[in-house]
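Structure data follow from final.cif (mmCIF, N, CA and C atoms):
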data_data
#
loop_
_atom_site.label_atom_id
_atom_site.label_comp_id
_atom_site.auth_asym_id
_atom_site.auth_seq_id
_atom_site.Cartn_x
_atom_site.Cartn_y
_atom_site.Cartn_z
N TYR G 28 69.89 109.13 14.88
CA TYR G 28 70.67 108.51 13.83
C TYR G 28 71.73 107.55 14.38
N ILE G 29 72.15 107.82 15.59
CA ILE G 29 73.27 107.03 16.12
C ILE G 29 72.90 106.22 17.37
N LEU G 30 71.64 106.12 17.66
CA LEU G 30 71.24 105.39 18.86
C LEU G 30 71.74 103.94 18.88
N PRO G 31 71.65 103.19 17.79
CA PRO G 31 72.17 101.81 17.84
C PRO G 31 73.67 101.76 18.15
N PHE G 32 74.43 102.70 17.62
CA PHE G 32 75.87 102.74 17.90
C PHE G 32 76.11 103.03 19.39
N ILE G 33 75.43 104.04 19.92
CA ILE G 33 75.60 104.37 21.34
C ILE G 33 75.21 103.18 22.20
N HIS G 34 74.13 102.51 21.82
CA HIS G 34 73.68 101.34 22.58
C HIS G 34 74.70 100.21 22.52
N ALA G 35 75.36 100.05 21.38
CA ALA G 35 76.39 99.01 21.27
C ALA G 35 77.56 99.29 22.22
N VAL G 36 77.88 100.54 22.40
CA VAL G 36 78.97 100.92 23.29
C VAL G 36 78.52 100.90 24.75
N PHE G 37 77.27 101.33 24.99
CA PHE G 37 76.71 101.40 26.34
C PHE G 37 75.42 100.59 26.41
N PRO G 38 75.51 99.28 26.46
CA PRO G 38 74.31 98.43 26.35
C PRO G 38 73.30 98.61 27.49
N ARG G 39 73.68 99.21 28.61
CA ARG G 39 72.75 99.42 29.72
C ARG G 39 72.22 100.85 29.74
N MET G 40 72.38 101.54 28.65
CA MET G 40 72.01 102.96 28.58
C MET G 40 70.52 103.19 28.79
N TYR G 41 70.21 104.37 29.26
CA TYR G 41 68.85 104.90 29.27
C TYR G 41 68.82 105.97 28.18
N PHE G 42 67.70 106.09 27.53
CA PHE G 42 67.54 107.13 26.52
C PHE G 42 66.36 108.01 26.93
N VAL G 43 66.64 109.27 27.22
CA VAL G 43 65.60 110.23 27.52
C VAL G 43 65.33 110.99 26.23
N HIS G 44 64.20 110.72 25.65
CA HIS G 44 63.80 111.29 24.36
C HIS G 44 62.96 112.53 24.63
N VAL G 45 63.58 113.69 24.49
CA VAL G 45 62.89 114.95 24.69
C VAL G 45 62.33 115.38 23.34
N ILE G 46 61.02 115.53 23.29
CA ILE G 46 60.34 115.86 22.04
C ILE G 46 59.74 117.25 22.15
N ARG G 47 59.88 118.00 21.09
CA ARG G 47 59.28 119.32 20.99
C ARG G 47 58.37 119.30 19.78
N ASP G 48 57.27 120.01 19.86
CA ASP G 48 56.31 120.07 18.76
C ASP G 48 57.05 120.33 17.44
N GLY G 49 56.87 119.42 16.51
CA GLY G 49 57.56 119.50 15.22
C GLY G 49 57.22 120.74 14.43
N ARG G 50 56.05 121.29 14.65
CA ARG G 50 55.68 122.50 13.94
C ARG G 50 56.52 123.67 14.42
N ASP G 51 56.82 123.71 15.72
CA ASP G 51 57.72 124.74 16.23
C ASP G 51 59.14 124.52 15.70
N MET G 52 59.54 123.27 15.63
CA MET G 52 60.88 122.96 15.11
C MET G 52 60.99 123.38 13.64
N ALA G 53 59.94 123.16 12.88
CA ALA G 53 59.98 123.46 11.45
C ALA G 53 60.08 124.95 11.16
N VAL G 54 59.55 125.78 12.03
CA VAL G 54 59.61 127.22 11.78
C VAL G 54 60.79 127.88 12.49
N SER G 55 61.63 127.09 13.14
CA SER G 55 62.83 127.62 13.77
C SER G 55 63.82 128.09 12.70
N SER G 56 64.62 129.08 13.05
CA SER G 56 65.67 129.51 12.12
C SER G 56 66.80 128.49 12.06
N ASN G 57 66.88 127.60 13.05
CA ASN G 57 67.91 126.56 13.07
C ASN G 57 67.41 125.34 12.31
N GLN G 58 67.82 125.22 11.09
CA GLN G 58 67.43 124.09 10.24
C GLN G 58 68.64 123.23 9.88
N ASN G 59 69.65 123.22 10.74
CA ASN G 59 70.87 122.47 10.45
C ASN G 59 70.61 120.99 10.26
N GLN G 60 69.81 120.38 11.13
CA GLN G 60 69.52 118.95 11.01
C GLN G 60 68.79 118.65 9.70
N TYR G 61 67.85 119.48 9.37
CA TYR G 61 67.11 119.33 8.11
C TYR G 61 68.07 119.39 6.93
N ARG G 62 68.90 120.39 6.90
CA ARG G 62 69.83 120.55 5.77
C ARG G 62 70.83 119.41 5.68
N LYS G 63 71.29 118.93 6.83
CA LYS G 63 72.33 117.89 6.84
C LYS G 63 71.79 116.49 6.56
N HIS G 64 70.58 116.20 7.01
CA HIS G 64 70.13 114.81 7.02
C HIS G 64 68.90 114.49 6.18
N TYR G 65 68.26 115.48 5.63
CA TYR G 65 67.03 115.24 4.88
C TYR G 65 67.26 114.25 3.73
N ALA G 66 68.30 114.48 2.94
CA ALA G 66 68.56 113.62 1.78
C ALA G 66 68.80 112.18 2.19
N ALA G 67 69.52 111.97 3.30
CA ALA G 67 69.79 110.61 3.76
C ALA G 67 68.50 109.88 4.16
N LEU G 68 67.56 110.61 4.72
CA LEU G 68 66.30 110.00 5.15
C LEU G 68 65.32 109.76 4.01
N PHE G 69 65.26 110.70 3.10
CA PHE G 69 64.22 110.66 2.08
C PHE G 69 64.76 110.41 0.67
N GLY G 70 66.08 110.37 0.50
CA GLY G 70 66.66 110.10 -0.81
C GLY G 70 66.43 111.22 -1.81
N ASP G 71 66.08 112.37 -1.32
CA ASP G 71 65.77 113.51 -2.19
C ASP G 71 66.54 114.71 -1.66
N PRO G 72 67.65 115.05 -2.30
CA PRO G 72 68.42 116.18 -1.78
C PRO G 72 67.60 117.47 -1.82
N THR G 73 67.86 118.31 -0.86
CA THR G 73 67.15 119.57 -0.80
C THR G 73 68.15 120.71 -0.70
N ASP G 74 67.91 121.74 -1.44
CA ASP G 74 68.78 122.92 -1.37
C ASP G 74 67.97 124.14 -0.95
N ARG G 75 66.81 123.89 -0.39
CA ARG G 75 65.94 124.99 0.01
C ARG G 75 65.41 124.71 1.41
N ASP G 76 65.00 125.75 2.09
CA ASP G 76 64.34 125.57 3.38
C ASP G 76 62.85 125.43 3.11
N ASP G 77 62.31 124.32 3.51
CA ASP G 77 60.90 124.03 3.29
C ASP G 77 60.33 123.55 4.61
N ILE G 78 59.47 124.37 5.22
CA ILE G 78 59.00 124.00 6.56
C ILE G 78 58.12 122.76 6.57
N ILE G 79 57.43 122.49 5.48
CA ILE G 79 56.63 121.25 5.42
C ILE G 79 57.56 120.04 5.44
N GLU G 80 58.60 120.08 4.63
CA GLU G 80 59.55 118.96 4.60
C GLU G 80 60.33 118.85 5.90
N SER G 81 60.65 119.97 6.52
CA SER G 81 61.33 119.95 7.81
C SER G 81 60.43 119.28 8.86
N CYS G 82 59.16 119.57 8.80
CA CYS G 82 58.21 118.97 9.74
C CYS G 82 58.07 117.47 9.47
N ARG G 83 58.05 117.09 8.21
CA ARG G 83 58.02 115.65 7.86
C ARG G 83 59.25 114.94 8.40
N MET G 84 60.39 115.61 8.31
CA MET G 84 61.61 115.01 8.83
C MET G 84 61.53 114.86 10.35
N TRP G 85 60.97 115.86 11.03
CA TRP G 85 60.77 115.76 12.48
C TRP G 85 59.94 114.52 12.80
N ALA G 86 58.84 114.34 12.08
CA ALA G 86 57.96 113.20 12.33
C ALA G 86 58.70 111.89 12.13
N ARG G 87 59.41 111.78 11.03
CA ARG G 87 60.12 110.53 10.72
C ARG G 87 61.20 110.23 11.74
N THR G 88 62.03 111.21 12.07
CA THR G 88 63.13 110.93 12.99
C THR G 88 62.64 110.62 14.40
N ASN G 89 61.62 111.33 14.85
CA ASN G 89 61.10 111.05 16.19
C ASN G 89 60.33 109.75 16.24
N ASP G 90 59.58 109.42 15.19
CA ASP G 90 58.91 108.12 15.12
C ASP G 90 59.95 107.00 15.15
N ASP G 91 61.00 107.14 14.34
CA ASP G 91 62.04 106.11 14.29
C ASP G 91 62.73 105.96 15.65
N ALA G 92 63.06 107.09 16.28
CA ALA G 92 63.73 107.03 17.59
C ALA G 92 62.82 106.39 18.63
N ALA G 93 61.54 106.74 18.62
CA ALA G 93 60.60 106.16 19.58
C ALA G 93 60.42 104.66 19.33
N ASP G 94 60.28 104.26 18.07
CA ASP G 94 60.16 102.84 17.75
C ASP G 94 61.37 102.08 18.27
N TRP G 95 62.56 102.60 17.98
CA TRP G 95 63.79 101.95 18.41
C TRP G 95 63.86 101.89 19.93
N GLY G 96 63.59 103.00 20.59
CA GLY G 96 63.66 103.03 22.05
C GLY G 96 62.69 102.07 22.71
N GLU G 97 61.45 102.07 22.23
CA GLU G 97 60.45 101.19 22.82
C GLU G 97 60.81 99.73 22.60
N THR G 98 61.26 99.40 21.41
CA THR G 98 61.57 98.01 21.07
C THR G 98 62.86 97.53 21.72
N THR G 99 63.88 98.35 21.67
CA THR G 99 65.21 97.93 22.12
C THR G 99 65.44 98.16 23.61
N LEU G 100 64.99 99.28 24.13
CA LEU G 100 65.31 99.64 25.51
C LEU G 100 64.19 99.35 26.50
N GLY G 101 62.96 99.27 26.02
CA GLY G 101 61.85 99.01 26.93
C GLY G 101 61.75 100.07 28.01
N ARG G 102 61.83 99.68 29.28
CA ARG G 102 61.67 100.63 30.38
C ARG G 102 62.82 101.63 30.48
N ARG G 103 63.92 101.37 29.80
CA ARG G 103 65.05 102.31 29.82
C ARG G 103 64.89 103.39 28.74
N TYR G 104 63.76 103.39 28.08
CA TYR G 104 63.41 104.46 27.14
C TYR G 104 62.37 105.33 27.83
N VAL G 105 62.70 106.61 27.97
CA VAL G 105 61.81 107.56 28.65
C VAL G 105 61.52 108.69 27.68
N GLN G 106 60.27 108.96 27.49
CA GLN G 106 59.85 110.00 26.55
C GLN G 106 59.20 111.14 27.32
N LEU G 107 59.60 112.36 27.01
CA LEU G 107 58.91 113.50 27.59
C LEU G 107 58.88 114.64 26.60
N ARG G 108 57.86 115.46 26.75
CA ARG G 108 57.69 116.60 25.86
C ARG G 108 58.28 117.85 26.52
N LEU G 109 58.99 118.62 25.74
CA LEU G 109 59.57 119.86 26.23
C LEU G 109 58.49 120.78 26.77
N GLU G 110 57.36 120.82 26.10
CA GLU G 110 56.26 121.68 26.54
C GLU G 110 55.78 121.31 27.94
N ASP G 111 55.74 120.00 28.24
CA ASP G 111 55.34 119.54 29.58
C ASP G 111 56.39 119.92 30.62
N LEU G 112 57.64 119.81 30.24
CA LEU G 112 58.71 120.17 31.15
C LEU G 112 58.63 121.64 31.52
N CYS G 113 58.25 122.49 30.56
CA CYS G 113 58.13 123.92 30.83
C CYS G 113 56.83 124.28 31.56
N SER G 114 55.73 123.63 31.19
CA SER G 114 54.44 123.99 31.80
C SER G 114 54.19 123.30 33.14
N SER G 115 54.71 122.11 33.32
CA SER G 115 54.54 121.35 34.57
C SER G 115 55.88 120.77 34.99
N PRO G 116 56.83 121.63 35.31
CA PRO G 116 58.19 121.13 35.54
C PRO G 116 58.31 120.16 36.71
N ARG G 117 57.61 120.41 37.78
CA ARG G 117 57.72 119.54 38.95
C ARG G 117 57.23 118.13 38.63
N GLU G 118 56.04 118.05 38.03
CA GLU G 118 55.46 116.74 37.73
C GLU G 118 56.28 116.01 36.66
N THR G 119 56.70 116.74 35.64
CA THR G 119 57.45 116.11 34.55
C THR G 119 58.81 115.64 35.03
N THR G 120 59.47 116.47 35.83
CA THR G 120 60.77 116.08 36.36
C THR G 120 60.64 114.89 37.30
N ALA G 121 59.60 114.88 38.13
CA ALA G 121 59.38 113.75 39.03
C ALA G 121 59.16 112.47 38.24
N ARG G 122 58.37 112.56 37.16
CA ARG G 122 58.13 111.37 36.32
C ARG G 122 59.43 110.88 35.69
N LEU G 123 60.24 111.83 35.22
CA LEU G 123 61.52 111.47 34.61
C LEU G 123 62.44 110.80 35.63
N LEU G 124 62.59 111.41 36.78
CA LEU G 124 63.49 110.87 37.79
C LEU G 124 63.00 109.52 38.30
N ASP G 125 61.70 109.35 38.41
CA ASP G 125 61.14 108.07 38.80
C ASP G 125 61.49 107.00 37.77
N ALA G 126 61.33 107.34 36.49
CA ALA G 126 61.66 106.39 35.42
C ALA G 126 63.14 106.03 35.42
N LEU G 127 63.97 106.97 35.84
CA LEU G 127 65.41 106.72 35.90
C LEU G 127 65.84 106.07 37.21
N GLY G 128 64.87 105.91 38.14
CA GLY G 128 65.18 105.29 39.41
C GLY G 128 65.89 106.23 40.38
N VAL G 129 65.67 107.53 40.20
CA VAL G 129 66.29 108.54 41.07
C VAL G 129 65.25 109.01 42.07
N ASP G 130 65.68 109.33 43.28
CA ASP G 130 64.80 109.82 44.32
C ASP G 130 64.02 111.03 43.81
N THR G 131 62.70 110.95 43.80
CA THR G 131 61.88 112.04 43.25
C THR G 131 61.90 113.29 44.10
N GLU G 132 62.51 113.26 45.27
CA GLU G 132 62.68 114.48 46.05
C GLU G 132 63.49 115.49 45.24
N ALA G 133 64.33 115.02 44.37
CA ALA G 133 65.17 115.90 43.55
C ALA G 133 64.35 116.70 42.55
N ALA G 134 63.11 116.30 42.32
CA ALA G 134 62.26 117.00 41.36
C ALA G 134 62.06 118.45 41.77
N GLU G 135 61.96 118.70 43.05
CA GLU G 135 61.76 120.06 43.53
C GLU G 135 62.92 120.96 43.12
N VAL G 136 64.12 120.48 43.27
CA VAL G 136 65.30 121.26 42.90
C VAL G 136 65.36 121.45 41.39
N ALA G 137 65.16 120.39 40.64
CA ALA G 137 65.25 120.47 39.19
C ALA G 137 64.19 121.39 38.61
N ALA G 138 63.01 121.40 39.18
CA ALA G 138 61.91 122.18 38.65
C ALA G 138 62.09 123.68 38.84
N GLN G 139 62.90 124.08 39.77
CA GLN G 139 63.04 125.50 40.08
C GLN G 139 63.73 126.29 38.98
N SER G 140 64.49 125.65 38.13
CA SER G 140 65.25 126.38 37.13
C SER G 140 64.61 126.37 35.74
N LEU G 141 63.40 125.88 35.63
CA LEU G 141 62.75 125.78 34.33
C LEU G 141 61.76 126.91 34.10
N ASP G 142 61.83 127.50 32.94
CA ASP G 142 60.89 128.54 32.54
C ASP G 142 60.27 128.16 31.21
N ARG G 143 59.13 128.72 30.95
CA ARG G 143 58.48 128.51 29.66
C ARG G 143 59.29 129.22 28.58
N LEU G 144 59.57 128.52 27.50
CA LEU G 144 60.30 129.12 26.39
C LEU G 144 59.37 130.01 25.58
N PRO G 145 59.82 131.19 25.20
CA PRO G 145 58.94 132.08 24.44
C PRO G 145 58.62 131.57 23.04
N THR G 146 59.37 130.57 22.57
CA THR G 146 59.14 130.06 21.21
C THR G 146 58.18 128.89 21.16
N ILE G 147 57.68 128.45 22.32
CA ILE G 147 56.70 127.37 22.32
C ILE G 147 55.40 127.90 21.71
N GLY G 148 54.91 127.20 20.72
CA GLY G 148 53.68 127.59 20.04
C GLY G 148 53.88 128.61 18.94
N ARG G 149 55.13 128.88 18.57
CA ARG G 149 55.37 129.90 17.55
C ARG G 149 54.76 129.55 16.20
N TRP G 150 54.56 128.27 15.95
CA TRP G 150 53.98 127.86 14.68
C TRP G 150 52.56 128.40 14.54
N GLN G 151 51.90 128.68 15.65
CA GLN G 151 50.53 129.16 15.62
C GLN G 151 50.42 130.59 15.07
N LYS G 152 51.54 131.25 14.92
CA LYS G 152 51.54 132.60 14.35
C LYS G 152 51.64 132.57 12.83
N LEU G 153 51.79 131.40 12.27
CA LEU G 153 51.83 131.25 10.81
C LEU G 153 50.45 131.53 10.22
N PRO G 154 50.41 131.85 8.94
CA PRO G 154 49.09 131.94 8.29
C PRO G 154 48.33 130.62 8.50
N GLU G 155 47.04 130.72 8.71
CA GLU G 155 46.24 129.55 9.09
C GLU G 155 46.40 128.38 8.11
N ASP G 156 46.41 128.66 6.82
CA ASP G 156 46.52 127.57 5.84
C ASP G 156 47.86 126.85 5.95
N LEU G 157 48.93 127.56 6.24
CA LEU G 157 50.24 126.94 6.39
C LEU G 157 50.30 126.12 7.67
N GLY G 158 49.74 126.63 8.75
CA GLY G 158 49.67 125.86 9.99
C GLY G 158 48.88 124.57 9.80
N GLU G 159 47.80 124.64 9.05
CA GLU G 159 46.99 123.44 8.77
C GLU G 159 47.78 122.45 7.92
N ARG G 160 48.57 122.93 6.97
CA ARG G 160 49.39 122.04 6.14
C ARG G 160 50.47 121.35 6.97
N LEU G 161 51.09 122.10 7.88
CA LEU G 161 52.09 121.49 8.77
C LEU G 161 51.45 120.40 9.62
N THR G 162 50.30 120.69 10.18
CA THR G 162 49.60 119.73 11.02
C THR G 162 49.20 118.50 10.22
N ALA G 163 48.66 118.70 9.04
CA ALA G 163 48.24 117.57 8.21
C ALA G 163 49.42 116.69 7.81
N ALA G 164 50.57 117.32 7.54
CA ALA G 164 51.74 116.56 7.08
C ALA G 164 52.30 115.65 8.16
N THR G 165 52.01 115.96 9.41
CA THR G 165 52.62 115.20 10.51
C THR G 165 51.61 114.78 11.56
N ALA G 166 50.36 114.71 11.20
CA ALA G 166 49.29 114.46 12.18
C ALA G 166 49.49 113.18 12.98
N LEU G 167 49.91 112.11 12.36
CA LEU G 167 50.06 110.85 13.10
C LEU G 167 51.14 110.96 14.17
N ALA G 168 52.28 111.55 13.82
CA ALA G 168 53.36 111.71 14.80
C ALA G 168 52.95 112.70 15.89
N LEU G 169 52.27 113.77 15.51
CA LEU G 169 51.82 114.73 16.51
C LEU G 169 50.92 114.05 17.54
N ARG G 170 50.00 113.23 17.08
CA ARG G 170 49.12 112.50 18.00
C ARG G 170 49.91 111.51 18.85
N ARG G 171 50.82 110.78 18.22
CA ARG G 171 51.61 109.78 18.94
C ARG G 171 52.35 110.41 20.13
N PHE G 172 52.85 111.62 19.94
CA PHE G 172 53.64 112.26 20.98
C PHE G 172 52.82 113.19 21.87
N GLY G 173 51.52 113.07 21.78
CA GLY G 173 50.65 113.77 22.72
C GLY G 173 50.24 115.17 22.34
N TYR G 174 50.41 115.52 21.10
CA TYR G 174 49.95 116.82 20.64
C TYR G 174 48.54 116.65 20.10
N HIS G 175 47.62 116.49 21.02
CA HIS G 175 46.23 116.13 20.68
C HIS G 175 45.46 117.27 20.07
N ARG G 176 45.90 118.47 20.27
CA ARG G 176 45.17 119.62 19.74
C ARG G 176 45.61 119.88 18.32
N VAL G 177 45.54 118.85 17.49
CA VAL G 177 45.93 119.01 16.07
C VAL G 177 44.69 118.94 15.19
#

Written as structure tokens, how would this file's structure read?
Amino acid sequence: YILPFIHAVFPRMYFVHVIRDGRDMAVSSNQNQYRKHYAALFGDPTDRDDIIESCRMWARTNDDAADWGETTLGRRYVQLRLEDLCSSPRETTARLLDALGVDTEAAEVAAQSLDRLPTIGRWQKLPEDLGERLTAATALALRRFGYHRV
């Protein structure tokens, strides 16, 4: 929401866009962003927790952030998935540090403190029809961010 403002203050900024599967985000108990910003994005106030709408909001905000980063920052926009950071920390950290122009030897140190989060893939425990609805509601964004198993 505030990337253009931050960029105005720090025009040489890098933006590391860490993305987590929106379906996991939608079933999280932390829905503060959804509650605070849904109406501003969609013009439809919400007074209920709705995981489909939360997932739609994830898609919209991450698509918008990625569009802005790619267009405005170019090579100073770095995108990585949280799941990759947890499953392949050394490779993901090396890619990140390389994109930031940092010596990739540091990847070894950074990778040692990363563990797989137990909540990764939690959306898969939903009833099958609800999981399918979440996937369908955000399929384009899921594919864009590398969630090919949708």

Non-local contacts of Ala166 of chain G (12 Å; only C-alpha atoms; under 2 positions in same chain excluded) as JSON, numbers by chain | {"G": [48, 49, 50, 82, 83, 85, 86, 87, 90, 158, 159, 160, 161, 162, 163, 164, 168, 169, 170, 171, 172, 173, 174, 175, 176, 177]}

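What separates atom C of Val45 of chain G from atom C of Arg108 of chain G is a distance of 5.7 Å.
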
Point-to-point distance in Å for atom CA of Pro31 of chain G and atom N of Thr119 of chain G = 27.9 Å

For segment 142-151 of chain G, list every protein, DNA or RNA residue within 7 Å, evaluated using all atoms listed in the file, and leave out those in the same chain fewer than 5 positions away; present the list as a PyMOL selection string.
-> chain G and resi 50-51+54+112-114+158

Expanded to explicit residues, what is the PyMOL selection byres (((chain G and resi 88 and name CA) around 12) and name CA) for this file, as a PyMOL selection string?
-> chain G and resi 28-30+44+46+49+60-61+64-65+67-69+81-87+89-95+165+168

Step by step, gather every atom of segment 80-96 of chain G that the file lists, find the box along x, y and z that holds them, add 6 Å on each side, and finally give centre and edge lengths in Å to one decimal, as JSON.
{"center_x": 60.9, "center_y": 111.0, "center_z": 13.7, "size_x": 17.9, "size_y": 30.2, "size_z": 30.1}

At what distance in Å, to one decimal, does atom N of Ala53 of chain G lie from atom N of Leu157 of chain G?
-> 13.6 Å

Tell me, as JSON, numbers by chain, which residues lie within 8 Å of Tyr104 of chain G, counting all atoms listed in the file; anything in the same chain fewer than 2 positions away does not count.
-> {"G": [40, 41, 42, 43, 44, 95, 96, 97, 98, 99, 100, 101, 102, 106, 107, 126]}

Output as an MDAnalysis selection string all residues of chain G that backbone DSSP marks as strand (DSSP E).
-> chainID G and resid 42:46 104:108

Write down as JSON, numbers by chain the residues belonging to chain G that are assigned helix (DSSP H, G or I) by DSSP computed on the backbone.
-> {"G": [30, 31, 32, 33, 34, 35, 36, 49, 50, 51, 52, 53, 59, 60, 61, 62, 63, 64, 65, 66, 67, 68, 69, 78, 79, 80, 81, 82, 83, 84, 85, 86, 87, 88, 89, 90, 91, 92, 93, 94, 95, 96, 97, 98, 99, 100, 101, 102, 103, 109, 110, 111, 112, 113, 114, 116, 117, 118, 119, 120, 121, 122, 123, 124, 125, 126, 133, 134, 135, 136, 137, 138, 149, 150, 151, 152, 155, 156, 157, 158, 159, 160, 161, 162, 163, 164, 166, 167, 168, 169, 170, 171]}

Non-local contacts of Arg47 of chain G (6 Å; all atoms listed in the file; under 5 positions in same chain excluded) as a PyMOL selection string | chain G and resi 52+108-110
